[in-house]
>>> print(open('target_29.cif').read())   # mmCIF, C-alpha atoms
data_run
loop_
_atom_site.label_atom_id
_atom_site.label_comp_id
_atom_site.auth_asym_id
_atom_site.auth_seq_id
_atom_site.Cartn_x
_atom_site.Cartn_y
_atom_site.Cartn_z
CA MET A 1 0.00 0.00 0.00
CA ASN A 2 1.52 3.29 -1.10
CA ALA A 3 -0.19 5.77 1.17
CA ASP A 4 0.72 9.30 0.18
CA SER A 5 0.24 11.32 3.37
CA SER A 6 -1.01 14.36 1.48
CA ALA A 7 -3.54 12.29 -0.49
CA CYS A 8 -4.74 10.51 2.66
CA ALA A 9 -4.71 13.66 4.77
CA LEU A 10 -2.56 12.14 7.54
CA SER A 11 -1.93 15.37 9.38
CA ALA A 12 -2.93 16.48 12.86
CA ASP A 13 -5.40 19.00 11.46
CA SER A 14 -6.99 16.54 9.02
CA GLN A 15 -10.71 16.78 8.44
CA TYR A 16 -10.82 12.98 8.86
CA VAL A 17 -9.67 12.85 12.50
CA GLU A 18 -13.20 12.85 13.91
CA LEU A 19 -14.28 10.17 11.44
CA ALA A 20 -11.24 8.10 12.42
CA VAL A 21 -12.33 8.36 16.06
CA GLU A 22 -15.75 7.02 15.04
CA VAL A 23 -14.03 4.05 13.38
CA PHE A 24 -12.13 3.32 16.60
CA ALA A 25 -15.38 3.64 18.58
CA MET A 26 -17.00 1.11 16.23
CA LEU A 27 -14.11 -1.27 16.88
CA ALA A 28 -14.24 -0.76 20.67
CA ASP A 29 -16.38 -3.87 21.02
CA ALA A 30 -14.99 -7.40 21.36
CA THR A 31 -17.81 -8.96 19.32
CA ARG A 32 -17.17 -6.63 16.38
CA VAL A 33 -13.45 -7.33 16.53
CA ARG A 34 -14.22 -11.06 16.52
CA ILE A 35 -16.56 -10.60 13.53
CA ILE A 36 -13.80 -8.84 11.60
CA LEU A 37 -11.34 -11.62 12.48
CA ALA A 38 -13.87 -14.22 11.35
CA LEU A 39 -14.46 -12.43 8.04
CA ARG A 40 -10.79 -11.86 7.20
CA ASP A 41 -10.69 -15.04 5.08
CA GLY A 42 -13.99 -14.58 3.28
CA GLU A 43 -17.76 -14.41 3.44
CA MET A 44 -19.89 -15.92 6.18
CA ALA A 45 -23.58 -16.11 7.00
CA VAL A 46 -24.97 -14.72 10.26
CA GLY A 47 -25.44 -18.18 11.78
CA GLU A 48 -21.84 -19.14 11.02
CA LEU A 49 -20.57 -15.87 12.46
CA ALA A 50 -22.69 -16.34 15.58
CA GLU A 51 -21.14 -19.75 16.15
CA VAL A 52 -17.59 -18.46 15.63
CA VAL A 53 -17.95 -15.41 17.90
CA GLY A 54 -20.04 -17.16 20.55
CA LYS A 55 -23.09 -14.89 20.37
CA THR A 56 -26.69 -15.37 19.29
CA PRO A 57 -27.59 -14.76 15.63
CA ALA A 58 -29.79 -11.84 16.77
CA ALA A 59 -26.87 -10.18 18.57
CA VAL A 60 -24.55 -10.72 15.60
CA SER A 61 -27.19 -9.26 13.26
CA GLN A 62 -27.35 -6.11 15.39
CA HIS A 63 -23.58 -5.74 15.27
CA LEU A 64 -23.52 -6.35 11.52
CA ALA A 65 -26.19 -3.67 11.01
CA LYS A 66 -24.00 -1.11 12.77
CA MET A 67 -20.94 -2.28 10.87
CA ARG A 68 -22.86 -1.98 7.58
CA LEU A 69 -23.75 1.62 8.41
CA ALA A 70 -20.07 2.28 9.11
CA ARG A 71 -19.23 0.65 5.76
CA MET A 72 -17.02 -1.97 7.37
CA VAL A 73 -19.00 -4.94 6.06
CA SER A 74 -21.30 -5.50 3.14
CA PRO A 75 -23.97 -8.14 2.55
CA ARG A 76 -24.52 -10.35 -0.48
CA GLN A 77 -27.67 -12.34 -1.12
CA ASP A 78 -27.04 -15.99 -2.00
CA GLY A 79 -30.43 -17.59 -2.53
CA THR A 80 -32.14 -17.41 0.85
CA ARG A 81 -28.89 -16.75 2.74
CA VAL A 82 -27.21 -13.42 3.32
CA LEU A 83 -23.43 -13.58 3.36
CA TYR A 84 -21.29 -10.85 4.88
CA ARG A 85 -17.78 -9.81 3.88
CA LEU A 86 -15.38 -7.07 4.84
CA GLU A 87 -15.90 -3.98 2.71
CA ASN A 88 -12.14 -3.47 2.32
CA GLU A 89 -8.86 -4.51 3.91
CA HIS A 90 -8.59 -1.54 6.28
CA ALA A 91 -10.78 -2.83 9.13
CA ARG A 92 -8.91 -6.15 8.99
CA GLN A 93 -5.58 -4.31 9.16
CA LEU A 94 -6.73 -2.08 12.05
CA VAL A 95 -7.77 -5.13 14.06
CA ALA A 96 -4.53 -6.97 13.25
CA ASP A 97 -2.47 -3.94 14.30
CA ALA A 98 -4.49 -3.56 17.52
CA ILE A 99 -3.88 -7.21 18.39
CA PHE A 100 -0.17 -6.82 17.63
CA GLN A 101 -0.10 -3.77 19.90
CA ALA A 102 -1.85 -5.81 22.61
CA GLU A 103 0.88 -8.45 22.29
CA HIS A 104 3.44 -5.72 23.03
CA ALA A 105 1.53 -4.77 26.19
CA LEU A 106 2.24 -8.22 27.62
CA GLY A 107 5.99 -7.63 27.52
CA GLY A 108 8.66 -9.88 26.09
CA GLU A 109 8.96 -10.59 22.40
CA PRO A 110 5.53 -10.61 20.73
CA ALA A 111 4.58 -13.61 18.60
CA HIS A 112 4.25 -11.49 15.47
CA HIS A 113 7.93 -10.45 15.77
CA ARG A 114 9.01 -14.07 16.09
CA ARG A 115 7.08 -14.92 12.90
CA GLU A 116 8.67 -11.97 11.07
CA ARG A 117 12.14 -13.04 12.17
CA LYS A 118 11.55 -16.61 10.94
CA ALA A 119 10.28 -15.29 7.58
CA ASP A 120 13.44 -13.19 7.13
CA ALA A 121 15.77 -16.14 7.88
#
>>> encode(input="target_29.cif", output="structure tokens")
Amino acid sequence: MNADSSACALSADSQYVELAVEVFAMLADATRVRIILALRDGEMAVGELAEVVGKTPAAVSQHLAKMRLARMVSPRQDGTRVLYRLENEHARQLVADAIFQAEHALGGEPAHHRRERKADA
């Protein structure tokens, strides 16, 4: 990803700062983070997501509705089923980076650094 800071408005006075805070607020929920992790490899139906994240289908549907409004996920009709997928790679990357940061909070060498070191060898 070649992110030009002027094109993406990555400055302290960016007009997108408040919207970015809303994205973080949307991700400040463990169920939504789990939904994003579950969807990182592809589409899933509500029932499948509910099983993976350990919540009822009704609860998952409510979270998905909010995530749709935030344009994090999008639905696709497949016959009588509705499948959900991540709208783009950014929510997946935010969650991955947050988990990597959480690994740092535990001290020691985080698992993601050990994997990177093995890949470089």
>>> resolve_selection(input="target_29.cif", expression="the PyMOL selection byres ((chain A and resi 84-88) around 12)", output="NGL selection string")
:A and (32-33 or 35-49 or 60-61 or 63-65 or 67-78 or 81-83 or 89-94)
>>> atom_distance(input="target_29.cif", atom1="atom CA of A:Ala30", atom2="atom CA of A:Gln15")
27.7 Å
>>> atom_distance(input="target_29.cif", atom1="atom CA of A:Lys55", atom2="atom CA of A:Ala111")
27.8 Å
>>> atom_distance(input="target_29.cif", atom1="atom CA of A:Phe100", atom2="atom CA of A:His112")
6.8 Å
>>> axis_aligned_box(input="target_29.cif", around="stretch 80-95 of chain A", padding_each_side="8 Å", output="JSON")
{"center_x": -18.9, "center_y": -9.5, "center_z": 7.5, "size_x": 42.6, "size_y": 31.9, "size_z": 29.2}
>>> build_atoms(input="target_29.cif", residues="stretch 68-82 of chain A", atoms="N, CA, C and O atoms", output="JSON list (two decimals), keeping the file's coordinate frame")
[["chain", "number", "residue", "atom", "x", "y", "z"],
["A", 68, "ARG", "N", -22.45, -2.34, 8.94],
["A", 68, "ARG", "CA", -22.86, -1.98, 7.58],
["A", 68, "ARG", "C", -22.97, -0.47, 7.45],
["A", 68, "ARG", "O", -22.52, 0.12, 6.46],
["A", 69, "LEU", "N", -23.61, 0.16, 8.43],
["A", 69, "LEU", "CA", -23.75, 1.62, 8.41],
["A", 69, "LEU", "C", -22.40, 2.32, 8.40],
["A", 69, "LEU", "O", -22.24, 3.38, 7.80],
["A", 70, "ALA", "N", -21.42, 1.72, 9.07],
["A", 70, "ALA", "CA", -20.07, 2.28, 9.11],
["A", 70, "ALA", "C", -19.25, 1.88, 7.88],
["A", 70, "ALA", "O", -18.08, 2.22, 7.78],
["A", 71, "ARG", "N", -19.86, 1.13, 6.99],
["A", 71, "ARG", "CA", -19.23, 0.65, 5.76],
["A", 71, "ARG", "C", -18.01, -0.22, 6.01],
["A", 71, "ARG", "O", -17.04, -0.18, 5.28],
["A", 72, "MET", "N", -18.09, -1.01, 7.07],
["A", 72, "MET", "CA", -17.02, -1.97, 7.37],
["A", 72, "MET", "C", -17.31, -3.33, 6.75],
["A", 72, "MET", "O", -16.39, -4.06, 6.40],
["A", 73, "VAL", "N", -18.59, -3.68, 6.68],
["A", 73, "VAL", "CA", -19.00, -4.94, 6.06],
["A", 73, "VAL", "C", -20.06, -4.66, 5.02],
["A", 73, "VAL", "O", -20.73, -3.62, 5.05],
["A", 74, "SER", "N", -20.22, -5.61, 4.12],
["A", 74, "SER", "CA", -21.30, -5.50, 3.14],
["A", 74, "SER", "C", -21.94, -6.87, 2.95],
["A", 74, "SER", "O", -21.27, -7.90, 3.04],
["A", 75, "PRO", "N", -23.26, -6.88, 2.72],
["A", 75, "PRO", "CA", -23.97, -8.14, 2.55],
["A", 75, "PRO", "C", -24.07, -8.53, 1.07],
["A", 75, "PRO", "O", -23.96, -7.69, 0.18],
["A", 76, "ARG", "N", -24.26, -9.82, 0.86],
["A", 76, "ARG", "CA", -24.52, -10.35, -0.48],
["A", 76, "ARG", "C", -25.55, -11.45, -0.35],
["A", 76, "ARG", "O", -25.39, -12.36, 0.46],
["A", 77, "GLN", "N", -26.62, -11.33, -1.13],
["A", 77, "GLN", "CA", -27.67, -12.34, -1.12],
["A", 77, "GLN", "C", -27.22, -13.55, -1.93],
["A", 77, "GLN", "O", -26.73, -13.43, -3.04],
["A", 78, "ASP", "N", -27.36, -14.73, -1.33],
["A", 78, "ASP", "CA", -27.04, -15.99, -2.00],
["A", 78, "ASP", "C", -28.23, -16.92, -1.80],
["A", 78, "ASP", "O", -28.28, -17.66, -0.80],
["A", 79, "GLY", "N", -29.19, -16.84, -2.71],
["A", 79, "GLY", "CA", -30.43, -17.59, -2.53],
["A", 79, "GLY", "C", -31.19, -17.02, -1.34],
["A", 79, "GLY", "O", -31.50, -15.84, -1.30],
["A", 80, "THR", "N", -31.43, -17.87, -0.34],
["A", 80, "THR", "CA", -32.14, -17.41, 0.85],
["A", 80, "THR", "C", -31.18, -16.94, 1.94],
["A", 80, "THR", "O", -31.62, -16.42, 2.96],
["A", 81, "ARG", "N", -29.89, -17.15, 1.73],
["A", 81, "ARG", "CA", -28.89, -16.75, 2.74],
["A", 81, "ARG", "C", -28.32, -15.37, 2.42],
["A", 81, "ARG", "O", -28.23, -14.98, 1.26],
["A", 82, "VAL", "N", -27.93, -14.67, 3.47],
["A", 82, "VAL", "CA", -27.21, -13.42, 3.32],
["A", 82, "VAL", "C", -25.80, -13.66, 3.84],
["A", 82, "VAL", "O", -25.61, -14.07, 4.98]]
